[in-house]
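Asker: Once you've had a glance at the structure underneath, I'll fire off some questions.
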Number of protein chains: 4
Amino acid sequence: MSNRAAVMTELEHIEIRELPEPEPGPRQAVVRIHAVGVCGSDTAYFKIGRIGDYVVDGPIVLGHEVSGEVAKVGSEVTNVSVGDRVAIEPGTPCRDCKECKAGRYHLCPDLVFLATPPYDGALMELMAIDARNLYPIPQEMSYEEGALLEPLSVGIWGCKRANLTAGDDVLVTGAGPVGLLAAATARAFGAGSVTVSDFSEFRIGLARKMGFATETPDAASDRTFDVLLECSGAQGALAAGMARLAPAGRAAMIGMPKQDVPLPLAELNVNEVSLSLVNRYNHTWPLAIELVSSGRIDVSELITHHFPLAESADALTLASRVKDSIKAVIHPQQ
Amino acid sequence: MSNRAAVMTELEHIEIRELPEPEPGPRQAVVRIHAVGVCGSDTAYFKIGRIGDYVVDGPIVLGHEVSGEVAKVGSEVTNVSVGDRVAIEPGTPCRDCKECKAGRYHLCPDLVFLATPPYDGALMELMAIDARNLYPIPQEMSYEEGALLEPLSVGIWGCKRANLTAGDDVLVTGAGPVGLLAAATARAFGAGSVTVSDFSEFRIGLARKMGFATETPDAASDRTFDVLLECSGAQGALAAGMARLAPAGRAAMIGMPKQDVPLPLAELNVNEVSLSLVNRYNHTWPLAIELVSSGRIDVSELITHHFPLAESADALTLASRVKDSIKAVIHPQQ
Amino acid sequence: MSNRAAVMTELEHIEIRELPEPEPGPRQAVVRIHAVGVCGSDTAYFKIGRIGDYVVDGPIVLGHEVSGEVAKVGSEVTNVSVGDRVAIEPGTPCRDCKECKAGRYHLCPDLVFLATPPYDGALMELMAIDARNLYPIPQEMSYEEGALLEPLSVGIWGCKRANLTAGDDVLVTGAGPVGLLAAATARAFGAGSVTVSDFSEFRIGLARKMGFATETPDAASDRTFDVLLECSGAQGALAAGMARLAPAGRAAMIGMPKQDVPLPLAELNVNEVSLSLVNRYNHTWPLAIELVSSGRIDVSELITHHFPLAESADALTLASRVKDSIKAVIHPQQ
Amino acid sequence: MSNRAAVMTELEHIEIRELPEPEPGPRQAVVRIHAVGVCGSDTAYFKIGRIGDYVVDGPIVLGHEVSGEVAKVGSEVTNVSVGDRVAIEPGTPCRDCKECKAGRYHLCPDLVFLATPPYDGALMELMAIDARNLYPIPQEMSYEEGALLEPLSVGIWGCKRANLTAGDDVLVTGAGPVGLLAAATARAFGAGSVTVSDFSEFRIGLARKMGFATETPDAASDRTFDVLLECSGAQGALAAGMARLAPAGRAAMIGMPKQDVPLPLAELNVNEVSLSLVNRYNHTWPLAIELVSSGRIDVSELITHHFPLAESADALTLASRVKDSIKAVIHPQQ
């Protein structure tokens, strides 16, 4: 079997290389990768080579929004079989540390995460991974949809971190893929109303098409909200959003601001609001599959572009074109 | 009956005036005030005439940490009787709004709070107040202790906002009255360990005497904590403290920083910590009375100075002397 | 103005009497009652004269699922105006006790509740009530729907008591009005799946029509659930339902069993399940209005019968006909 | 090395047999057992051979309250070293299933638990066990105390399941070892008051000596409580205790009633109380060690009898003598 991979050999450069065919360890499966969504973090590694303390140091394979078909399974694997169509949770925890024991495996200090230096990602034809990271998806769910369960998971976990409950009025700042999926999740969780805010006309238009109330940050209404889901990462967005929370309001910080974020705490404390930081997700795939397969969330609306493996570099630069793109999907078998 | 009051007529100036003897409304009581603790907010109004949006605009009576003896009751009062020794909760909510209905009466937008412009406080001999704000205190609790149930309430509510549970390792930054009482509350709540941090040698010494582990911010250990109670209000204290939280750690912001507080969210989100802002307290007097009367918290350790009513100005300037003072109590009947 | 009322003068007997026209107190409104749903508790008072410790002792007006139009307002009323179409929350709390202060006003020991001895209900043309119990409903919501916000509130609160969160697989036992509305609420809260169980073919058919999975208790599947909403009140339903909960499952007891309920705790504790009892609801009208007016819940599907005021006795006996009825509505203006 | 074990070969019969010296697997340690507390479940297996669905079927070694010294470690063990004094958590989870992943490893369907058929317990000189179940104890903690961290863990987890928070008034029904340790935990968690109830004069006397308020079930006061910790397992204790809960009170069922427990739900629902079942404990050893080593809980007060390994049968029959015994400890090295 061929196993081509898109290897980032230096900044803004991808080489297609043939890798050895992987063999699964006893608890691993080899997955034939069918769809890889491009995330802002992939683009960041591709363009500037780092995110915070994670620094690219040598060739790396990007891609962590992944689905495919099980091609081989190790001797001790029982949860999936060859031929299963699966979505992949990209983080593999140690299962032994205090965080894992407490059910917070996503905060495991030894978490191995796809496409996060020094670990490779999924832009390849065949990838070996712990079979416990694989979740079978139903026949009627496409591989593209399966890959997008990963950004949907970020939205789900953000809603959970914000303790979002039915009836909450929700403001989502930032209408990128994660913001739109967080908004869709909020609606699926029974939010009383969902308002999406962004500067981009293209993105706000898509939010409107998805059925959300919309506004631009510079022309915000003076209504208040119970929950803020900050998904833009813009430096001033969190403070501006928290100022619009009602008493006892809750904010979740899903975006990743590059700089320190200033908060006017003396003013914000009048309403005694809360802020929960968000680091990816914890055990969200079963719910993500349920929400998509039952039709309550349509992740395919976000997919604006498709690329074969050989054009991965084009896919990785697309994300900065906010004027006409939301989510690009790479197809490693093409 | 005489009813002298300490009236702040202009910045840094107190006049003792004779006020009319108050008559209680149907649901009010008149309390003979025996002890008033001086709070940093009293000092701020006295020296600079404002805290955030609350601006002193005309003569005002300060003081909201209060206890006394019931002197008269209105026709519909049933919860207290003349002669009862009582501690006073200083905020009177509307009882009708959405926040009141939800049990968050401390966030009531129409809250009437003692010594917060435009409302007078308790530096007077006789004060009328809603009888539902009065909590009888046991015979063996002194009036000074009764007054200090108010700052203790801040500590209790801060611990509740941080979801402090037994076994948590707790860091308290700032060893002023509220910080020390928050630390004492954390211990009474079953904290695994309590560490108090401050620059002042005098204050850190008192923390040590009260049995807490101590450190100075410039020589902090590298251990981690489950809970941060930020009580200093220093601009950098929150970020520094949150950086020391373990995964899933919780911070409560009890101090009141005058400027915006910068937070390095991209770094802090790795541990997925949470931040709860704190606005005073909600229904804490019964527990405060229990903790003090059972001996689990000794609030009297904090009282370093006493003043008669006529020397209120001296009491109000004392708080800035961090070298040798923690809490001053004014005795209006003296 | 006429003010006819349906007065239950003795068991199973209703007399239509002309009552004096009510005048609102300062904080009250007089409501022209347009729709009153018949509840199982109305039927119980009508047929056996008691529910637990609440005993009918003299003439009483039944009916507590109510909507109407504001006809007069007292001098201090600000939240509604004459002409407003309103749904009525039937319980008026004292607003002063410990429970009210904690936001649990529905557990107020002095709660005045419509149609609960010794208090009259709403089967009359004009009724005075605390205006704070009134919630304006939108123009497009019918009075029948407005009345059914009360049983919907029971379903909402049951879901909240069970900590129902998005993705939960939910079993609802008992497909009466409350069971069906609890099921509809569970779906609106984002439940992963909702299964409704009942012996009645008529009711199970309606559940199926509303889009729920269904089963009969004697032919239950062996799947497990995250949440049980017990709405039948049948003596064995709670134990049977709790036995089907997955580890850490949560049950809410919404039904009202007449006898003691035996629970095999030694077996149930293996899965460490939880049980929350339910006493009506707490602050659910805003969310109920939102869920109905946004189309996420259709309460009108439950209404099987209509009656004018003069036929209230017929309406009150209908509820035992489980073969062809779910919910009867009485129209006092007819 | 010798490795004598106390093997229960038939009901009420113990034989001391020499077992092969155990070798640790790669992630296991061999512990030289120094203290084993006798639990009511050991006695039940010894006398009637079963607890619910767990049936003794062949020779078994009892004992799951255990401490000792590490004698050997497997090749991959890093958390303990030879010579460490350790307490042992007796349950070994699979670490892979849904429950383990969610942090509820104690509900793992494949949990291997000491002295629970078909698994042997710790009444032996040398025992191999997963090293991740071992918690080093400080030098000043005795092995007897180390063994009693297990029943203390039951008390801790019961308090957590009841959401016990500082200030709660707590009723503990049943003053056996678990009841007394649950009461001690409640106090350490900041309970406002702790009342212990039992029929046995001896046990109630010990509760009084430990500083708790006491009462007998037949002469109970009419005060109410926020939290009930039912530790007796008596059939009527849960209903009687829940009837004494204040509105929104919480009960945890720690005892193990042999028969169905009848609950008068129609009466109990007025106060909207909650009931949490309890299955052992989840990650309680670190807190248990902290509470004992800091002196906040003295588990040694409960130890009334000591036995060498050869007299295990005597120890196992002692527990029914409620007139003068609480907790027996067996010393396998003697």
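FYI, nothing fancy with the structure tokens labels: chains A, B, ... in order, residues from 1 per chain, ligands from 1 as they appear.
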Residues of chain A that have any atom at most 8 Å from an atom of chain B: could you tabulate them with the shortest-distance atom pair and the distance in Å to one decimal, using only C-alpha atoms, ordered by chain and increasing number, as JSON lines?

Answerer:
```
{"residue": "A:Gly52", "atom": "CA", "partner": "B:Ala266", "partner_atom": "CA", "distance": 7.3}
{"residue": "A:Glu99", "atom": "CA", "partner": "B:Pro247", "partner_atom": "CA", "distance": 7.6}
{"residue": "A:Leu107", "atom": "CA", "partner": "B:Asn271", "partner_atom": "CA", "distance": 6.5}
{"residue": "A:Pro247", "atom": "CA", "partner": "B:Leu107", "partner_atom": "CA", "distance": 6.5}
{"residue": "A:Met256", "atom": "CA", "partner": "B:Ala266", "partner_atom": "CA", "distance": 5.6}
{"residue": "A:Pro257", "atom": "CA", "partner": "B:Ala266", "partner_atom": "CA", "distance": 6.1}
{"residue": "A:Lys258", "atom": "CA", "partner": "B:Ala266", "partner_atom": "CA", "distance": 6.7}
{"residue": "A:Gln259", "atom": "CA", "partner": "B:Pro264", "partner_atom": "CA", "distance": 6.8}
{"residue": "A:Asp260", "atom": "CA", "partner": "B:Pro264", "partner_atom": "CA", "distance": 4.4}
{"residue": "A:Val261", "atom": "CA", "partner": "B:Leu263", "partner_atom": "CA", "distance": 5.1}
{"residue": "A:Pro262", "atom": "CA", "partner": "B:Pro262", "partner_atom": "CA", "distance": 4.0}
{"residue": "A:Leu263", "atom": "CA", "partner": "B:Val261", "partner_atom": "CA", "distance": 5.1}
{"residue": "A:Pro264", "atom": "CA", "partner": "B:Asp260", "partner_atom": "CA", "distance": 4.4}
{"residue": "A:Leu265", "atom": "CA", "partner": "B:Asp260", "partner_atom": "CA", "distance": 6.5}
{"residue": "A:Ala266", "atom": "CA", "partner": "B:Met256", "partner_atom": "CA", "distance": 5.6}
{"residue": "A:Glu267", "atom": "CA", "partner": "B:Gly52", "partner_atom": "CA", "distance": 7.5}
{"residue": "A:Leu268", "atom": "CA", "partner": "B:Leu277", "partner_atom": "CA", "distance": 7.5}
{"residue": "A:Asn269", "atom": "CA", "partner": "B:Leu277", "partner_atom": "CA", "distance": 5.1}
{"residue": "A:Val270", "atom": "CA", "partner": "B:Asn279", "partner_atom": "CA", "distance": 5.8}
{"residue": "A:Asn271", "atom": "CA", "partner": "B:Leu107", "partner_atom": "CA", "distance": 6.5}
{"residue": "A:Glu272", "atom": "CA", "partner": "B:Leu277", "partner_atom": "CA", "distance": 4.9}
{"residue": "A:Val273", "atom": "CA", "partner": "B:Leu277", "partner_atom": "CA", "distance": 5.7}
{"residue": "A:Ser274", "atom": "CA", "partner": "B:Ser276", "partner_atom": "CA", "distance": 4.4}
{"residue": "A:Leu275", "atom": "CA", "partner": "B:Leu275", "partner_atom": "CA", "distance": 5.0}
{"residue": "A:Ser276", "atom": "CA", "partner": "B:Ser274", "partner_atom": "CA", "distance": 4.4}
{"residue": "A:Leu277", "atom": "CA", "partner": "B:Glu272", "partner_atom": "CA", "distance": 4.9}
{"residue": "A:Val278", "atom": "CA", "partner": "B:Glu272", "partner_atom": "CA", "distance": 5.3}
{"residue": "A:Asn279", "atom": "CA", "partner": "B:Glu272", "partner_atom": "CA", "distance": 5.7}
```

Asker: I want to know what sits within 9 Å of segment 144-160 of chain A, based on only C-alpha atoms, with residues of the same chain fewer than 6 positions away left out; could you give that as a PyMOL selection string?

Answerer: chain A and resi 34-37+39+64-68+85-90+137+177-186+189+227+229+252-254+276-285+287-289+292+298-300+303+329-331

Asker: So that I have them on file, write out the residues from the current selection with N, CA and C atoms, as a short mmCIF file (atom, residue, chain, number, x, y, z; two decimals), in the first residue's frame.

Answerer:
```cif
data_model
loop_
_atom_site.label_atom_id
_atom_site.label_comp_id
_atom_site.auth_asym_id
_atom_site.auth_seq_id
_atom_site.Cartn_x
_atom_site.Cartn_y
_atom_site.Cartn_z
N HIS A 34 -9.37 9.65 5.28
CA HIS A 34 -10.20 10.11 4.17
C HIS A 34 -10.45 11.62 4.16
N ALA A 35 -10.44 12.24 5.33
CA ALA A 35 -10.71 13.68 5.37
C ALA A 35 -9.96 14.31 6.54
N VAL A 36 -9.34 15.45 6.24
CA VAL A 36 -8.63 16.21 7.28
C VAL A 36 -9.04 17.67 7.14
N GLY A 37 -9.69 18.19 8.17
CA GLY A 37 -10.04 19.60 8.16
C GLY A 37 -8.81 20.43 8.51
N CYS A 39 -7.25 23.53 10.40
CA CYS A 39 -7.56 24.34 11.57
C CYS A 39 -6.62 25.54 11.60
N HIS A 64 -5.24 17.58 12.39
CA HIS A 64 -5.76 16.86 13.56
C HIS A 64 -7.30 16.78 13.56
N GLU A 65 -7.94 17.26 12.50
CA GLU A 65 -9.40 17.08 12.36
C GLU A 65 -9.58 15.95 11.36
N VAL A 66 -9.85 14.75 11.82
CA VAL A 66 -9.60 13.58 10.99
C VAL A 66 -10.71 12.52 11.04
N SER A 67 -10.92 11.91 9.88
CA SER A 67 -11.76 10.72 9.83
C SER A 67 -11.21 9.77 8.78
N GLY A 68 -11.65 8.53 8.83
CA GLY A 68 -11.14 7.57 7.85
C GLY A 68 -11.78 6.20 8.07
N ARG A 85 -15.97 2.82 9.53
CA ARG A 85 -15.76 4.24 9.25
C ARG A 85 -15.69 4.94 10.60
N VAL A 86 -14.64 5.73 10.83
CA VAL A 86 -14.41 6.29 12.16
C VAL A 86 -14.01 7.76 12.12
N ALA A 87 -14.42 8.46 13.18
CA ALA A 87 -13.86 9.77 13.47
C ALA A 87 -12.78 9.57 14.52
N ILE A 88 -11.79 10.46 14.51
CA ILE A 88 -10.63 10.27 15.38
C ILE A 88 -10.52 11.40 16.39
N GLU A 89 -10.48 11.03 17.68
CA GLU A 89 -10.14 12.03 18.70
C GLU A 89 -8.62 12.14 18.71
N PRO A 90 -8.08 13.34 18.52
CA PRO A 90 -6.63 13.43 18.25
C PRO A 90 -5.72 13.37 19.46
N ILE A 137 -18.61 6.06 13.01
CA ILE A 137 -19.64 7.01 12.59
C ILE A 137 -20.64 6.28 11.70
N PRO A 177 -14.97 28.92 12.05
CA PRO A 177 -15.56 27.58 12.18
C PRO A 177 -15.94 27.25 13.61
N VAL A 178 -15.06 27.54 14.55
CA VAL A 178 -15.37 27.19 15.93
C VAL A 178 -16.52 28.03 16.47
N GLY A 179 -16.53 29.32 16.15
CA GLY A 179 -17.62 30.16 16.61
C GLY A 179 -18.96 29.70 16.08
N LEU A 180 -19.00 29.39 14.79
CA LEU A 180 -20.27 28.95 14.21
C LEU A 180 -20.71 27.61 14.79
N LEU A 181 -19.76 26.72 15.05
CA LEU A 181 -20.13 25.43 15.64
C LEU A 181 -20.51 25.58 17.11
N ALA A 182 -19.86 26.52 17.80
CA ALA A 182 -20.28 26.79 19.18
C ALA A 182 -21.69 27.33 19.20
N ALA A 183 -22.00 28.21 18.24
CA ALA A 183 -23.37 28.76 18.15
C ALA A 183 -24.37 27.65 17.86
N ALA A 184 -24.01 26.76 16.94
CA ALA A 184 -24.92 25.65 16.62
C ALA A 184 -25.11 24.74 17.83
N THR A 185 -24.06 24.53 18.58
CA THR A 185 -24.17 23.71 19.78
C THR A 185 -25.07 24.38 20.81
N ALA A 186 -24.87 25.69 20.99
CA ALA A 186 -25.70 26.42 21.96
C ALA A 186 -27.18 26.25 21.62
N PHE A 189 -28.36 22.86 22.50
CA PHE A 189 -28.47 22.69 23.95
C PHE A 189 -29.71 23.41 24.50
N VAL A 227 -24.77 34.06 28.66
CA VAL A 227 -23.55 33.31 28.36
C VAL A 227 -22.80 33.99 27.22
N LEU A 229 -19.66 33.14 24.59
CA LEU A 229 -18.68 32.19 24.06
C LEU A 229 -17.72 32.99 23.19
N ALA A 252 -17.07 31.68 28.49
CA ALA A 252 -16.05 30.68 28.20
C ALA A 252 -15.12 31.26 27.16
N MET A 253 -13.82 31.14 27.42
CA MET A 253 -12.81 31.69 26.52
C MET A 253 -12.31 30.59 25.62
N ILE A 254 -12.86 30.54 24.40
CA ILE A 254 -12.53 29.47 23.47
C ILE A 254 -11.46 29.93 22.49
N SER A 276 -14.53 30.85 32.37
CA SER A 276 -13.90 29.53 32.31
C SER A 276 -13.01 29.47 31.09
N LEU A 277 -11.75 29.15 31.32
CA LEU A 277 -10.86 28.93 30.17
C LEU A 277 -11.14 27.55 29.60
N VAL A 278 -10.75 27.36 28.35
CA VAL A 278 -11.11 26.14 27.63
C VAL A 278 -9.87 25.59 26.93
N ASN A 279 -9.57 24.34 27.18
CA ASN A 279 -8.45 23.67 26.53
C ASN A 279 -8.98 22.45 25.78
N ARG A 280 -9.33 22.70 24.53
CA ARG A 280 -9.87 21.64 23.67
C ARG A 280 -11.18 21.07 24.20
N TYR A 281 -11.18 19.78 24.65
CA TYR A 281 -12.46 19.10 24.93
C TYR A 281 -12.20 17.83 25.73
N ASN A 282 -13.26 17.35 26.31
CA ASN A 282 -13.19 16.14 27.12
C ASN A 282 -14.39 15.27 26.78
N HIS A 283 -14.13 14.14 26.16
CA HIS A 283 -15.13 13.11 25.88
C HIS A 283 -16.37 13.67 25.18
N THR A 284 -16.17 14.30 24.04
CA THR A 284 -17.28 14.95 23.34
C THR A 284 -17.71 14.20 22.08
N TRP A 285 -16.92 13.23 21.62
CA TRP A 285 -17.27 12.59 20.34
C TRP A 285 -18.64 11.92 20.32
N LEU A 287 -21.39 12.66 21.84
CA LEU A 287 -22.43 13.68 21.69
C LEU A 287 -22.34 14.36 20.33
N ALA A 288 -21.12 14.61 19.86
CA ALA A 288 -20.95 15.23 18.54
C ALA A 288 -21.56 14.35 17.46
N ILE A 289 -21.31 13.05 17.53
CA ILE A 289 -21.89 12.13 16.55
C ILE A 289 -23.41 12.17 16.61
N VAL A 292 -24.86 15.47 15.11
CA VAL A 292 -24.78 15.56 13.65
C VAL A 292 -25.68 14.51 12.99
N ASP A 298 -25.66 20.81 11.47
CA ASP A 298 -25.18 20.49 10.13
C ASP A 298 -23.79 21.08 9.97
N VAL A 299 -22.77 20.24 10.16
CA VAL A 299 -21.40 20.75 10.06
C VAL A 299 -20.99 21.00 8.63
N SER A 300 -21.67 20.38 7.68
CA SER A 300 -21.23 20.49 6.29
C SER A 300 -21.43 21.90 5.73
N ILE A 303 -18.13 23.88 5.22
CA ILE A 303 -17.05 23.49 4.31
C ILE A 303 -17.14 24.30 3.03
N VAL A 329 -11.16 21.33 3.56
CA VAL A 329 -10.93 19.92 3.89
C VAL A 329 -9.96 19.34 2.87
N ILE A 330 -8.97 18.62 3.39
CA ILE A 330 -7.99 17.94 2.54
C ILE A 330 -8.35 16.45 2.48
N HIS A 331 -8.23 15.87 1.27
CA HIS A 331 -8.59 14.46 1.07
C HIS A 331 -7.33 13.66 0.76
#
```

Asker: Please identify which residues in segment 59-192 of chain D DSSP calls helix (DSSP H, G or I) from the backbone, and express them as a PyMOL selection string.

Answerer: chain D and resi 98-101+105-107+131-133+143-147+149-161+177-188

Asker: Restricting the calculation to only C-alpha atoms: of B:Ala44, B:Val55, B:Leu123, B:Val31, which residue gets closest to Ser312 of chain B?

Answerer: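 So, comparing all the options, the nearest one is B:Leu123.
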
Asker: Compile the contact shell of Leu245 of chain A as a list in words: residues with an atom at most 6 Å away, counting only C-alpha atoms, same-chain residues fewer than 2 positions apart removed.

Answerer: Thr224, Phe225, Asp226, Met242, Ala243 and Gly249 of chain A

Asker: Restricting it to all heavy atoms, dump the selection as an mmCIF file, in the first residue's frame.

Answerer:
```cif
data_model
loop_
_atom_site.group_PDB
_atom_site.id
_atom_site.type_symbol
_atom_site.label_atom_id
_atom_site.label_comp_id
_atom_site.auth_asym_id
_atom_site.auth_seq_id
_atom_site.Cartn_x
_atom_site.Cartn_y
_atom_site.Cartn_z
ATOM 1 N N THR A 224 -28.453 42.342 26.981
ATOM 2 C CA THR A 224 -27.531 41.559 27.792
ATOM 3 C C THR A 224 -27.720 40.068 27.519
ATOM 4 O O THR A 224 -28.727 39.644 26.951
ATOM 5 C CB THR A 224 -27.740 41.821 29.293
ATOM 6 O OG1 THR A 224 -29.097 41.497 29.615
ATOM 7 C CG2 THR A 224 -27.467 43.277 29.630
ATOM 8 N N PHE A 225 -26.731 39.296 27.935
ATOM 9 C CA PHE A 225 -26.717 37.856 27.669
ATOM 10 C C PHE A 225 -26.396 37.087 28.950
ATOM 11 O O PHE A 225 -25.780 37.629 29.875
ATOM 12 C CB PHE A 225 -25.662 37.538 26.601
ATOM 13 C CG PHE A 225 -25.962 38.189 25.274
ATOM 14 C CD1 PHE A 225 -25.461 39.448 24.976
ATOM 15 C CD2 PHE A 225 -26.777 37.557 24.349
ATOM 16 C CE1 PHE A 225 -25.748 40.070 23.767
ATOM 17 C CE2 PHE A 225 -27.074 38.169 23.129
ATOM 18 C CZ PHE A 225 -26.559 39.426 22.842
ATOM 19 N N ASP A 226 -26.806 35.830 28.968
ATOM 20 C CA ASP A 226 -26.464 34.966 30.099
ATOM 21 C C ASP A 226 -25.111 34.308 29.914
ATOM 22 O O ASP A 226 -24.422 34.006 30.891
ATOM 23 C CB ASP A 226 -27.531 33.871 30.253
ATOM 24 C CG ASP A 226 -28.906 34.446 30.482
ATOM 25 O OD1 ASP A 226 -29.059 35.218 31.445
ATOM 26 O OD2 ASP A 226 -29.820 34.153 29.686
ATOM 27 N N MET A 242 -17.805 40.309 28.077
ATOM 28 C CA MET A 242 -18.169 40.119 29.483
ATOM 29 C C MET A 242 -18.954 41.317 30.016
ATOM 30 O O MET A 242 -19.783 41.176 30.913
ATOM 31 C CB MET A 242 -16.925 39.875 30.327
ATOM 32 C CG MET A 242 -16.305 38.505 30.091
ATOM 33 S SD MET A 242 -14.788 38.205 31.067
ATOM 34 C CE MET A 242 -15.496 37.758 32.663
ATOM 35 N N ALA A 243 -18.679 42.506 29.469
ATOM 36 C CA ALA A 243 -19.416 43.692 29.905
ATOM 37 C C ALA A 243 -20.891 43.602 29.535
ATOM 38 O O ALA A 243 -21.717 44.325 30.087
ATOM 39 C CB ALA A 243 -18.799 44.943 29.290
ATOM 40 N N GLY A 249 -23.705 36.097 34.948
ATOM 41 C CA GLY A 249 -23.400 35.582 33.621
ATOM 42 C C GLY A 249 -22.109 34.771 33.610
ATOM 43 O O GLY A 249 -21.272 34.895 34.496
#
```
